[in-house]
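Data from run20.txt: compact mmCIF, C-alpha atoms and all ligand atoms
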# COMPACT_ATOMS: atom_id res chain seq x y z
CA MET A 7 24.07 36.11 9.29
CA GLY A 8 22.97 32.61 8.27
CA LYS A 9 23.82 31.13 4.94
CA GLN A 10 21.72 32.12 1.97
CA ARG A 11 19.85 29.18 0.55
CA ILE A 12 20.05 28.77 -3.20
CA VAL A 13 18.00 26.35 -5.28
CA LEU A 14 20.09 24.99 -8.12
CA LEU A 15 17.70 23.92 -10.88
CA TYR A 16 19.18 21.43 -13.32
CA GLY A 17 18.37 18.65 -15.78
CA GLY A 18 15.20 19.51 -17.64
CA LYS A 19 13.13 18.32 -20.57
CA SER A 20 15.38 19.49 -23.38
CA ALA A 21 17.89 17.50 -25.40
CA GLU A 22 20.62 19.23 -23.38
CA HIS A 23 19.56 17.49 -20.14
CA SER A 24 22.89 15.78 -19.46
CA ILE A 25 24.96 18.90 -20.20
CA SER A 26 22.90 20.66 -17.55
CA CYS A 27 23.62 17.81 -15.08
CA ILE A 28 27.35 18.13 -15.69
CA SER A 29 27.15 21.94 -15.33
CA ALA A 30 25.21 21.52 -12.06
CA ALA A 31 27.80 19.13 -10.62
CA CYS A 32 30.56 21.66 -11.34
CA VAL A 33 28.59 24.64 -9.99
CA LEU A 34 27.82 22.75 -6.77
CA SER A 35 31.45 21.80 -6.26
CA ALA A 36 32.52 25.42 -6.75
CA LEU A 37 29.81 26.99 -4.57
CA ASP A 38 31.11 29.12 -1.68
CA ASN A 39 29.84 26.93 1.18
CA HIS A 40 30.64 29.57 3.78
CA ARG A 41 28.04 31.91 2.32
CA PHE A 42 25.57 29.70 0.52
CA GLU A 43 23.69 26.48 1.11
CA ALA A 44 22.68 24.68 -2.06
CA VAL A 45 19.29 23.02 -2.44
CA PRO A 46 19.62 21.05 -5.70
CA ILE A 47 16.35 20.39 -7.53
CA GLY A 48 16.65 18.12 -10.53
CA ILE A 49 14.10 18.08 -13.36
CA THR A 50 13.72 14.68 -15.04
CA LYS A 51 13.57 14.31 -18.81
CA SER A 52 9.81 13.94 -18.48
CA GLY A 53 9.53 17.13 -16.42
CA ASP A 54 9.18 15.92 -12.80
CA TRP A 55 10.88 18.16 -10.25
CA LEU A 56 12.78 16.12 -7.65
CA VAL A 57 14.66 16.99 -4.47
CA GLY A 58 16.97 14.64 -2.59
CA GLY A 59 18.04 11.48 -4.38
CA THR A 60 21.37 11.41 -6.18
CA ASP A 61 23.54 14.41 -5.41
CA PRO A 62 24.83 15.86 -8.70
CA ARG A 63 28.33 15.91 -7.16
CA ASP A 64 28.18 12.10 -7.25
CA PHE A 65 27.46 11.94 -10.99
CA ASP A 66 29.96 10.00 -13.01
CA LEU A 67 30.92 12.74 -15.44
CA ALA A 68 33.40 10.71 -17.45
CA GLY A 69 31.31 7.59 -17.86
CA GLN A 70 28.50 6.42 -20.09
CA PRO A 71 25.57 6.78 -20.05
CA LEU A 72 25.68 10.51 -19.48
CA PRO A 73 24.27 11.67 -16.13
CA SER A 74 20.55 12.27 -15.82
CA VAL A 75 17.98 13.09 -13.13
CA ARG A 76 16.11 9.96 -12.04
CA SER A 77 13.52 9.17 -9.45
CA GLY A 78 14.34 6.75 -6.63
CA ASN A 79 17.38 6.80 -4.35
CA GLY A 80 15.42 8.83 -1.79
CA ALA A 81 14.23 11.52 -4.22
CA HIS A 82 10.95 13.31 -3.46
CA ARG A 83 8.74 15.17 -5.86
CA VAL A 84 8.69 18.94 -5.44
CA ALA A 85 5.44 20.87 -5.01
CA LEU A 86 5.26 24.65 -5.39
CA GLU A 87 2.85 26.91 -3.61
CA PHE A 88 2.20 30.25 -5.25
CA GLY A 89 2.02 33.48 -3.33
CA ARG A 90 4.58 32.37 -0.75
CA GLY A 91 7.74 33.55 -2.50
CA GLY A 92 10.86 31.79 -1.26
CA ASP A 93 8.74 29.80 1.23
CA GLY A 94 6.74 28.13 -1.52
CA PHE A 95 9.01 25.09 -2.13
CA PHE A 96 7.90 21.72 -0.68
CA ALA A 97 8.94 18.10 -0.86
CA VAL A 98 6.11 15.60 -1.24
CA ASP A 99 6.28 12.59 1.02
CA SER A 100 4.33 10.06 -1.02
CA GLY A 101 4.55 7.57 1.86
CA SER A 102 1.89 9.43 3.82
CA ASP A 103 -1.45 10.50 2.46
CA PRO A 104 -3.19 13.19 4.49
CA ALA A 105 -6.17 13.11 2.13
CA ALA A 106 -6.87 9.59 3.26
CA ASP A 107 -7.75 10.72 6.75
CA SER A 108 -11.43 11.36 7.05
CA VAL A 109 -11.25 14.91 8.40
CA SER A 110 -9.21 16.13 5.48
CA GLN A 111 -11.38 14.10 3.08
CA GLN A 112 -14.41 16.04 4.27
CA ARG A 113 -12.52 19.30 3.92
CA PHE A 114 -11.31 18.39 0.39
CA GLN A 115 -14.82 17.52 -0.71
CA GLN A 116 -16.34 20.80 0.37
CA GLY A 117 -15.50 23.81 -1.88
CA PRO A 118 -17.29 24.25 -5.23
CA TYR A 119 -14.18 23.88 -7.41
CA LEU A 120 -12.76 20.79 -5.78
CA ASN A 121 -12.98 17.40 -7.32
CA SER A 122 -14.76 14.87 -5.18
CA VAL A 123 -11.68 12.65 -5.30
CA PRO A 124 -8.84 14.05 -3.21
CA ALA A 125 -5.89 14.70 -5.51
CA SER A 126 -3.30 15.00 -2.78
CA ARG A 127 -0.80 12.16 -2.91
CA GLY A 128 1.27 12.86 0.16
CA ALA A 129 2.26 15.16 2.97
CA LEU A 130 4.15 18.32 2.14
CA TYR A 131 7.38 19.20 3.90
CA SER A 132 8.76 22.69 3.50
CA LEU A 133 12.20 23.00 1.93
CA GLY A 134 12.69 26.06 4.13
CA HIS A 135 13.20 29.59 2.96
CA ILE A 136 14.86 29.90 -0.47
CA ASP A 137 16.70 33.17 -1.12
CA ALA A 138 17.29 32.74 -4.86
CA VAL A 139 17.25 30.22 -7.69
CA LEU A 140 20.16 29.50 -9.98
CA PRO A 141 18.75 27.85 -13.11
CA VAL A 142 21.41 25.84 -14.93
CA LEU A 143 19.01 24.61 -17.59
CA HIS A 144 19.65 24.69 -21.30
CA GLY A 145 17.22 24.77 -24.19
CA PRO A 146 13.41 24.63 -24.26
CA PHE A 147 11.61 24.49 -20.88
CA GLY A 148 14.54 26.04 -19.05
CA GLU A 149 16.41 28.68 -21.01
CA ASP A 150 13.40 29.89 -22.98
CA GLY A 151 11.45 31.95 -20.41
CA THR A 152 9.10 29.23 -19.24
CA VAL A 153 10.93 28.50 -15.96
CA GLN A 154 11.68 32.21 -15.57
CA GLY A 155 7.93 32.95 -15.79
CA LEU A 156 7.22 30.29 -13.21
CA LEU A 157 9.80 31.78 -10.83
CA ASP A 158 8.33 35.26 -11.41
CA LEU A 159 4.90 33.90 -10.47
CA LEU A 160 6.36 32.29 -7.36
CA GLY A 161 8.05 35.57 -6.50
CA VAL A 162 11.59 34.19 -6.06
CA PRO A 163 14.65 36.03 -7.37
CA TYR A 164 16.71 34.09 -9.90
CA VAL A 165 19.97 34.37 -11.76
CA GLY A 166 19.95 35.44 -15.40
CA CYS A 167 17.66 36.81 -18.05
CA GLY A 168 13.97 37.37 -17.42
CA VAL A 169 11.05 36.00 -19.43
CA PHE A 170 11.36 38.27 -22.44
CA ALA A 171 15.14 38.09 -22.93
CA SER A 172 15.13 34.33 -22.35
CA SER A 173 12.49 33.68 -25.00
CA ALA A 174 14.05 36.20 -27.38
CA CYS A 175 17.42 34.42 -27.15
CA MET A 176 15.90 30.97 -27.46
CA ASP A 177 14.27 31.84 -30.76
CA LYS A 178 16.98 32.62 -33.32
CA HIS A 179 14.43 34.16 -35.69
CA PHE A 180 13.37 36.76 -33.11
CA THR A 181 16.92 37.29 -31.80
CA LYS A 182 17.82 38.49 -35.29
CA ILE A 183 14.84 40.84 -35.47
CA LEU A 184 15.85 42.51 -32.19
CA LEU A 185 19.53 42.71 -33.04
CA LYS A 186 18.86 44.12 -36.51
CA ALA A 187 16.60 46.77 -34.98
CA ALA A 188 19.52 47.77 -32.72
CA GLY A 189 21.82 48.07 -35.76
CA ILE A 190 23.80 44.93 -34.92
CA PRO A 191 24.83 42.84 -37.95
CA VAL A 192 23.47 39.28 -38.04
CA THR A 193 23.87 36.31 -40.39
CA PRO A 194 21.64 36.75 -43.47
CA SER A 195 18.83 34.20 -43.48
CA ILE A 196 15.26 33.32 -44.30
CA THR A 197 12.78 31.68 -41.92
CA ILE A 198 10.43 28.96 -43.07
CA ASP A 199 7.35 27.46 -41.51
CA THR A 200 7.42 23.67 -41.96
CA ARG A 201 4.03 23.00 -40.37
CA GLN A 202 2.41 22.76 -43.80
CA VAL A 203 4.77 19.97 -44.76
CA HIS A 204 4.09 18.14 -41.53
CA GLU A 205 0.36 18.53 -41.89
CA THR A 206 0.21 17.17 -45.41
CA GLY A 207 2.84 14.51 -44.74
CA GLU A 208 1.73 11.01 -43.94
CA THR A 209 3.33 9.12 -41.11
CA CYS A 210 5.25 7.13 -43.74
CA THR A 211 8.77 8.57 -43.53
CA SER A 212 9.73 8.12 -47.18
CA GLN A 213 6.65 9.99 -48.28
CA GLN A 214 7.37 12.76 -45.81
CA GLY A 215 10.93 12.89 -47.11
CA SER A 216 9.69 13.45 -50.65
CA LEU A 217 7.27 16.11 -49.40
CA PHE A 218 10.19 18.01 -47.89
CA GLU A 219 12.04 17.68 -51.19
CA THR A 220 9.04 19.09 -53.05
CA ALA A 221 8.76 21.95 -50.57
CA ALA A 222 12.50 22.57 -50.94
CA VAL A 223 11.97 23.69 -54.55
CA GLU A 224 10.09 26.66 -53.12
CA TYR A 225 12.76 27.15 -50.41
CA LEU A 226 15.45 27.21 -53.12
CA ALA A 227 13.56 29.99 -54.90
CA ARG A 228 13.38 31.96 -51.63
CA VAL A 229 17.09 31.40 -50.99
CA ARG A 230 17.84 32.79 -54.46
CA ARG A 231 15.53 35.79 -54.01
CA ALA A 232 17.17 36.58 -50.64
CA GLY A 233 20.62 36.38 -52.31
CA LEU A 234 21.98 33.86 -49.75
CA ARG A 235 25.37 32.45 -50.74
CA TYR A 236 26.39 28.79 -50.34
CA PRO A 237 27.13 26.85 -48.27
CA LEU A 238 23.91 27.28 -46.35
CA PHE A 239 23.32 26.36 -42.73
CA VAL A 240 19.88 25.01 -41.90
CA LYS A 241 18.88 25.03 -38.25
CA PRO A 242 15.88 24.91 -35.93
CA SER A 243 14.94 28.35 -34.63
CA ARG A 244 14.53 27.07 -31.06
CA ALA A 245 17.05 24.39 -30.13
CA GLY A 246 20.71 24.38 -29.11
CA SER A 247 23.95 22.40 -28.85
CA SER A 248 24.05 22.08 -32.64
CA PHE A 249 21.03 19.75 -32.59
CA GLY A 250 19.38 19.70 -36.02
CA VAL A 251 22.00 21.99 -37.61
CA CYS A 252 23.04 20.91 -41.13
CA LYS A 253 25.41 22.34 -43.68
CA VAL A 254 24.13 22.36 -47.28
CA GLY A 255 26.91 22.66 -49.85
CA HIS A 256 25.40 21.95 -53.26
CA GLU A 257 23.73 24.92 -54.86
CA GLY A 258 20.28 24.21 -56.25
CA ASP A 259 20.07 20.67 -54.81
CA ALA A 260 16.47 20.34 -53.61
CA ALA A 261 17.03 16.85 -52.16
CA GLU A 262 19.94 18.03 -50.00
CA LEU A 263 18.12 21.16 -48.80
CA GLY A 264 14.90 19.19 -48.21
CA ALA A 265 16.75 16.62 -46.08
CA ALA A 266 18.40 19.38 -44.04
CA VAL A 267 15.09 21.16 -43.43
CA ARG A 268 13.49 17.88 -42.46
CA GLU A 269 16.28 17.23 -39.94
CA ALA A 270 15.93 20.73 -38.43
CA ALA A 271 12.13 20.36 -38.32
CA LYS A 272 12.52 17.41 -35.94
CA TYR A 273 13.41 20.02 -33.30
CA ASP A 274 11.20 22.95 -34.31
CA TRP A 275 8.66 23.65 -37.03
CA LYS A 276 10.29 27.06 -37.44
CA VAL A 277 13.46 26.58 -39.45
CA LEU A 278 16.17 29.05 -40.47
CA ILE A 279 18.13 28.80 -43.70
CA GLU A 280 21.26 30.91 -43.26
CA GLN A 281 24.11 31.95 -45.43
CA GLY A 282 27.26 30.14 -44.29
CA MET A 283 29.82 32.48 -42.75
CA SER A 284 33.47 31.89 -43.52
CA GLY A 285 34.65 33.79 -40.45
CA ARG A 286 36.02 32.44 -37.20
CA GLU A 287 33.65 31.64 -34.35
CA ILE A 288 34.40 34.02 -31.51
CA GLU A 289 32.42 33.86 -28.27
CA CYS A 290 32.18 36.53 -25.62
CA ALA A 291 30.93 36.06 -22.06
CA VAL A 292 28.78 38.90 -20.75
CA LEU A 293 28.15 39.33 -17.02
CA ALA A 294 25.86 41.86 -15.38
CA PRO A 295 26.60 41.31 -11.70
CA HIS A 296 25.20 44.62 -10.61
CA ILE A 297 21.44 45.02 -10.94
CA ASP A 298 21.67 48.58 -12.27
CA GLY A 299 25.24 48.48 -13.47
CA LYS A 300 26.68 48.19 -16.92
CA PRO A 301 27.25 44.65 -18.21
CA LYS A 302 30.88 43.59 -18.53
CA ALA A 303 32.40 41.56 -21.33
CA SER A 304 35.14 38.95 -20.90
CA TRP A 305 38.02 38.55 -23.30
CA PRO A 306 36.46 36.95 -26.38
CA GLY A 307 37.54 33.36 -26.92
CA GLU A 308 37.67 30.89 -29.76
CA ILE A 309 37.10 27.15 -29.78
CA VAL A 310 40.02 25.75 -31.73
CA LEU A 311 39.32 22.29 -33.11
CA ASP A 312 42.32 20.04 -32.48
CA ARG A 313 40.97 16.86 -33.97
CA ARG A 314 38.26 15.83 -36.37
CA SER A 315 37.31 12.27 -37.14
CA PRO A 316 38.58 11.24 -40.59
CA GLY A 317 36.43 12.50 -43.45
CA ASN A 318 34.38 14.59 -41.06
CA ASP A 319 33.78 18.01 -42.46
CA GLN A 320 31.58 18.74 -39.48
CA PHE A 321 31.41 22.12 -37.85
CA TYR A 322 31.43 22.65 -34.14
CA ASP A 323 29.10 19.75 -33.36
CA PHE A 324 27.64 18.30 -30.17
CA ASP A 325 30.51 15.93 -29.33
CA SER A 326 33.29 18.42 -29.91
CA LYS A 327 31.35 21.01 -27.93
CA TYR A 328 30.58 18.98 -24.84
CA LEU A 329 31.86 15.49 -24.70
CA ASP A 330 35.28 15.21 -26.20
CA SER A 331 37.67 17.40 -24.23
CA GLY A 332 40.51 16.34 -26.55
CA ALA A 333 38.67 17.44 -29.70
CA SER A 334 39.07 21.15 -29.10
CA HIS A 335 40.41 23.74 -26.72
CA ALA A 336 39.38 27.27 -25.86
CA GLN A 337 41.85 29.96 -26.85
CA ILE A 338 41.23 33.05 -24.71
CA PRO A 339 41.75 35.74 -25.75
CA ALA A 340 41.27 34.59 -29.32
CA ASP A 341 44.29 35.16 -31.52
CA LEU A 342 43.01 38.40 -33.07
CA PRO A 343 44.20 42.04 -33.05
CA GLU A 344 43.31 43.77 -29.79
CA ALA A 345 41.12 46.29 -31.64
CA THR A 346 39.01 43.44 -33.04
CA LEU A 347 38.71 41.83 -29.59
CA ARG A 348 37.53 45.16 -28.16
CA HIS A 349 35.03 45.48 -31.01
CA VAL A 350 33.64 42.02 -30.25
CA GLN A 351 33.25 43.05 -26.60
CA GLU A 352 31.40 46.26 -27.59
CA ILE A 353 29.04 44.41 -29.94
CA SER A 354 28.41 41.70 -27.34
CA ILE A 355 27.41 44.23 -24.71
CA LYS A 356 25.25 46.05 -27.23
CA ALA A 357 23.58 42.75 -28.18
CA PHE A 358 23.03 41.87 -24.50
CA GLU A 359 21.36 45.23 -23.95
CA ALA A 360 19.32 44.95 -27.17
CA ILE A 361 17.63 41.78 -25.94
CA ASP A 362 17.13 43.26 -22.45
CA GLY A 363 19.63 40.82 -20.94
CA ALA A 364 20.19 40.37 -17.22
CA GLY A 365 22.77 38.46 -15.21
CA LEU A 366 24.62 36.58 -17.91
CA SER A 367 24.72 35.55 -21.55
CA ARG A 368 27.27 34.28 -24.02
CA VAL A 369 27.25 36.15 -27.31
CA ASP A 370 28.52 34.08 -30.25
CA THR A 371 29.88 35.87 -33.30
CA PHE A 372 31.57 35.22 -36.62
CA VAL A 373 34.60 37.44 -37.20
CA GLY A 374 35.68 37.75 -40.85
CA SER A 375 39.27 38.05 -42.05
CA ASP A 376 38.60 41.77 -42.64
CA GLY A 377 37.62 42.18 -38.96
CA SER A 378 33.87 42.37 -39.71
CA ILE A 379 31.67 41.00 -36.94
CA VAL A 380 28.21 39.44 -37.13
CA VAL A 381 26.32 37.97 -34.20
CA ASN A 382 25.31 34.34 -34.69
CA GLU A 383 23.31 33.80 -31.51
CA ILE A 384 22.97 34.64 -27.83
CA ASN A 385 22.84 31.91 -25.18
CA SER A 386 21.15 33.17 -22.05
CA ILE A 387 22.22 30.15 -19.95
CA PRO A 388 25.51 29.03 -21.46
CA GLY A 389 27.23 25.77 -20.52
CA PHE A 390 29.03 25.67 -17.19
CA THR A 391 31.06 22.50 -17.64
CA PRO A 392 34.80 22.68 -16.99
CA ILE A 393 35.45 22.91 -20.73
CA SER A 394 32.67 25.45 -21.36
CA MET A 395 33.61 28.79 -22.86
CA TYR A 396 31.61 30.97 -20.44
CA PRO A 397 33.49 30.10 -17.20
CA LYS A 398 36.78 29.73 -19.07
CA ALA A 399 36.45 33.17 -20.63
CA TRP A 400 35.90 34.73 -17.19
CA GLU A 401 38.77 32.77 -15.73
CA ALA A 402 41.04 34.20 -18.44
CA SER A 403 39.62 37.65 -17.63
CA GLY A 404 40.44 37.44 -13.92
CA LEU A 405 37.35 35.86 -12.34
CA ASP A 406 37.71 32.22 -11.36
CA TYR A 407 34.85 29.68 -11.50
CA GLY A 408 33.90 30.04 -7.81
CA GLU A 409 34.01 33.85 -7.91
CA LEU A 410 31.87 33.79 -11.04
CA VAL A 411 29.20 31.62 -9.38
CA THR A 412 29.20 33.98 -6.39
CA ALA A 413 28.88 37.04 -8.65
CA LEU A 414 25.92 35.45 -10.44
CA ILE A 415 24.12 34.60 -7.20
CA GLU A 416 24.80 38.10 -5.90
CA SER A 417 23.26 39.52 -9.07
CA ALA A 418 20.01 37.70 -8.25
CA LEU A 419 20.14 38.72 -4.59
CA GLY A 420 20.65 42.34 -5.62
CA ILE A 421 23.97 42.53 -3.80
CA GLY A 422 26.19 43.13 -6.83
CA ARG A 423 29.68 44.51 -6.76
N1 LIG A 501 25.60 30.67 -40.77
C1 LIG A 501 26.59 29.86 -40.36
N2 LIG A 501 27.80 29.89 -40.98
C2 LIG A 501 28.82 29.06 -40.58
N3 LIG A 501 28.69 28.16 -39.58
C3 LIG A 501 27.50 28.08 -38.95
C4 LIG A 501 26.40 28.93 -39.30
N4 LIG A 501 25.37 28.64 -38.50
C5 LIG A 501 25.80 27.65 -37.67
N5 LIG A 501 27.06 27.31 -37.94
C6 LIG A 501 27.84 26.25 -37.25
O1 LIG A 501 26.95 25.40 -36.54
C7 LIG A 501 27.15 25.49 -35.13
C8 LIG A 501 25.81 25.44 -34.41
O2 LIG A 501 24.95 26.48 -34.87
P1 LIG A 501 24.31 27.56 -33.90
O3 LIG A 501 23.63 28.57 -34.72
O4 LIG A 501 25.36 28.09 -32.98
O5 LIG A 501 23.22 26.73 -33.12
P2 LIG A 501 23.14 26.13 -31.64
O6 LIG A 501 22.10 26.96 -30.93
O7 LIG A 501 22.70 24.74 -31.84
O8 LIG A 501 24.51 26.27 -31.00
C9 LIG A 501 27.91 26.81 -34.95
O9 LIG A 501 28.67 26.79 -33.76
C10 LIG A 501 28.75 26.84 -36.21
O10 LIG A 501 29.88 25.99 -36.09
MG MG A 502 25.77 27.94 -30.97
Once you've parsed the file, please lay out its structure as structure tokens.
Amino acid sequence: MGKQRIVLLYGGKSAEHSISCISAACVLSALDNHRFEAVPIGITKSGDWLVGGTDPRDFDLAGQPLPSVRSGNGAHRVALEFGRGGDGFFAVDSGSDPAADSVSQQRFQQGPYLNSVPASRGALYSLGHIDAVLPVLHGPFGEDGTVQGLLDLLGVPYVGCGVFASSACMDKHFTKILLKAAGIPVTPSITIDTRQVHETGETCTSQQGSLFETAAVEYLARVRRAGLRYPLFVKPSRAGSSFGVCKVGHEGDAAELGAAVREAAKYDWKVLIEQGMSGREIECAVLAPHIDGKPKASWPGEIVLDRRSPGNDQFYDFDSKYLDSGASHAQIPADLPEATLRHVQEISIKAFEAIDGAGLSRVDTFVGSDGSIVVNEINSIPGFTPISMYPKAWEASGLDYGELVTALIESALGIGR
């Protein structure tokens, strides 16, 4: 049997573009080359799909600037043709222009819906048959159901959650609604719509700042009515990697809350104000390698911060999460009683099922000193860098990085173990 050809989709339009590039480089290096042939397709920050060009394995992962998908270096745009399933992927050769030849010009100008100017900008070359897609994309336009919907329309199997679960996990407001309905405890919060503030705000930033402060008086009243205890955490409903997440420590301070909401609103008009949880952050990797089988949970792990910059009362922020491997380490299993670890696994599987998960997800929880567990969020395409919790948690649970990638691809191909 020939090798199965897997498109690895990486990069993307979200703020987590570079993390995705690093994850892609690691996945490619770990891919079982005896069974699979990778076809990397990078998505630029502006949304162009490119094939060829720089191989992610050649990215400088330690250097600055962080890796990104760029045109040039032999990269070709990708064109998709619907209704052809795995045969619908093409590279565009912009050097040749079939529309320029007169026969095709006449053909292009016929049909009633066609523009009189040929839109084609090059010849299409098939990328060959694609058996499955492995999206390693984080955040909006990748992890949120949009790419999953596109792949459904194309008719190509892919790794991970489908449209519904992906969008449900991307939107923290709706994740909570689903989890609560399934009886799973979540962090108490209120959701606010900041579009009003944006609409009335002028472009002048100081004026907009004061508008957020004025609006925050109303938010403070809602926080009080909901009985949320301080500190509060303010965050965009649809973002990730701690972008736009702020801690608010001073009770009743409208300026502080207004500034936090304004920061979160840079990423999403829908903003959550949550009660701060004092518990430890415990993350559990869920894998559903078998299409009809029960999802499995890894040993839950904990990111232990080893170093904070002086005076930095920050939580688990972007740098400590992704960039600074000396800032933290993953402790797997987390240093908790076995019964609590088992409970985290049970809740994580229940949460995965509640959102109709498929393939994989990382369920993030807060575990209190009394052993109580609340789910903070679910990441349907968690990080896959060497210091990422998802692959590390599976490694500590007996599945190494390469085996994990194989299991995920098999889940999309319907092979499953
Ligand atoms: N309610 C909360 N209580 C305590 N810490 C929180 C709370 N919400 C967020 N945090 C901190 O902020 C980090 C990022 O928030 P999170 O909700 O996980 O958003 P993201 O999708 O950006 O990862 C968490 O890992 C945690 O350290
Ligand atoms: Mg998180």
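Identified as lying at most 7 Å from ligand MG 502 (chain A) when counting all atoms listed in the file are the residues Gly246, Ser247, Ser248, Asp370 and Glu383 of chain A.
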Could you write those residues out with C-alpha atoms, as a PDB file, in the frame of the given file?
ATOM      1  CA  GLY A 246      20.710  24.380 -29.110  1.00  0.00           C
ATOM      2  CA  SER A 247      23.950  22.400 -28.850  1.00  0.00           C
ATOM      3  CA  SER A 248      24.050  22.080 -32.640  1.00  0.00           C
ATOM      4  CA  ASP A 370      28.520  34.080 -30.250  1.00  0.00           C
ATOM      5  CA  GLU A 383      23.310  33.800 -31.510  1.00  0.00           C
TER       6      GLU A 383
END
Mind checking which residues fall within 7 Å of region 406-417 of chain A, counting all atoms listed in the file, ignoring those fewer than 5 positions away in the same chain, and posting them as an mmCIF file with C-alpha atoms, keeping the file's coordinate frame?
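Okay, part_19.cif is ready:
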data_model
loop_
_atom_site.group_PDB
_atom_site.id
_atom_site.type_symbol
_atom_site.label_atom_id
_atom_site.label_comp_id
_atom_site.auth_asym_id
_atom_site.auth_seq_id
_atom_site.Cartn_x
_atom_site.Cartn_y
_atom_site.Cartn_z
ATOM 1 C CA ALA A 36 32.520 25.420 -6.750
ATOM 2 C CA LEU A 37 29.810 26.990 -4.570
ATOM 3 C CA ASP A 38 31.110 29.120 -1.680
ATOM 4 C CA VAL A 165 19.970 34.370 -11.760
ATOM 5 C CA PRO A 295 26.600 41.310 -11.700
ATOM 6 C CA HIS A 296 25.200 44.620 -10.610
ATOM 7 C CA ILE A 297 21.440 45.020 -10.940
ATOM 8 C CA GLY A 365 22.770 38.460 -15.210
ATOM 9 C CA PRO A 397 33.490 30.100 -17.200
ATOM 10 C CA TRP A 400 35.900 34.730 -17.190
ATOM 11 C CA GLU A 401 38.770 32.770 -15.730
ATOM 12 C CA GLY A 422 26.190 43.130 -6.830
#
message: My list of candidates is A:Leu157, A:Ile309, A:Ala336, A:Leu185. Which is closest to ligand LIG 501 (chain A) when distances are computed with all atoms listed in the file?
response: A:Ile309
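CA of Glu287 (chain A) is found 18.1 Å from CA of Lys356 (chain A).
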message: Under the rule that only C-alpha atoms are counted, which of A:Pro146, A:Gly101, A:Gly48, A:Pro343 is the nearest residue to Ser243 (chain A)?
response: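 The closest residue to Ser243 (chain A) is A:Pro146.
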task: Counting only C-alpha atoms, figure out which residue out of A:Asn382, A:Ser77, A:Thr371, A:Thr181 gets nearest to Glu280 (chain A).
output: A:Asn382
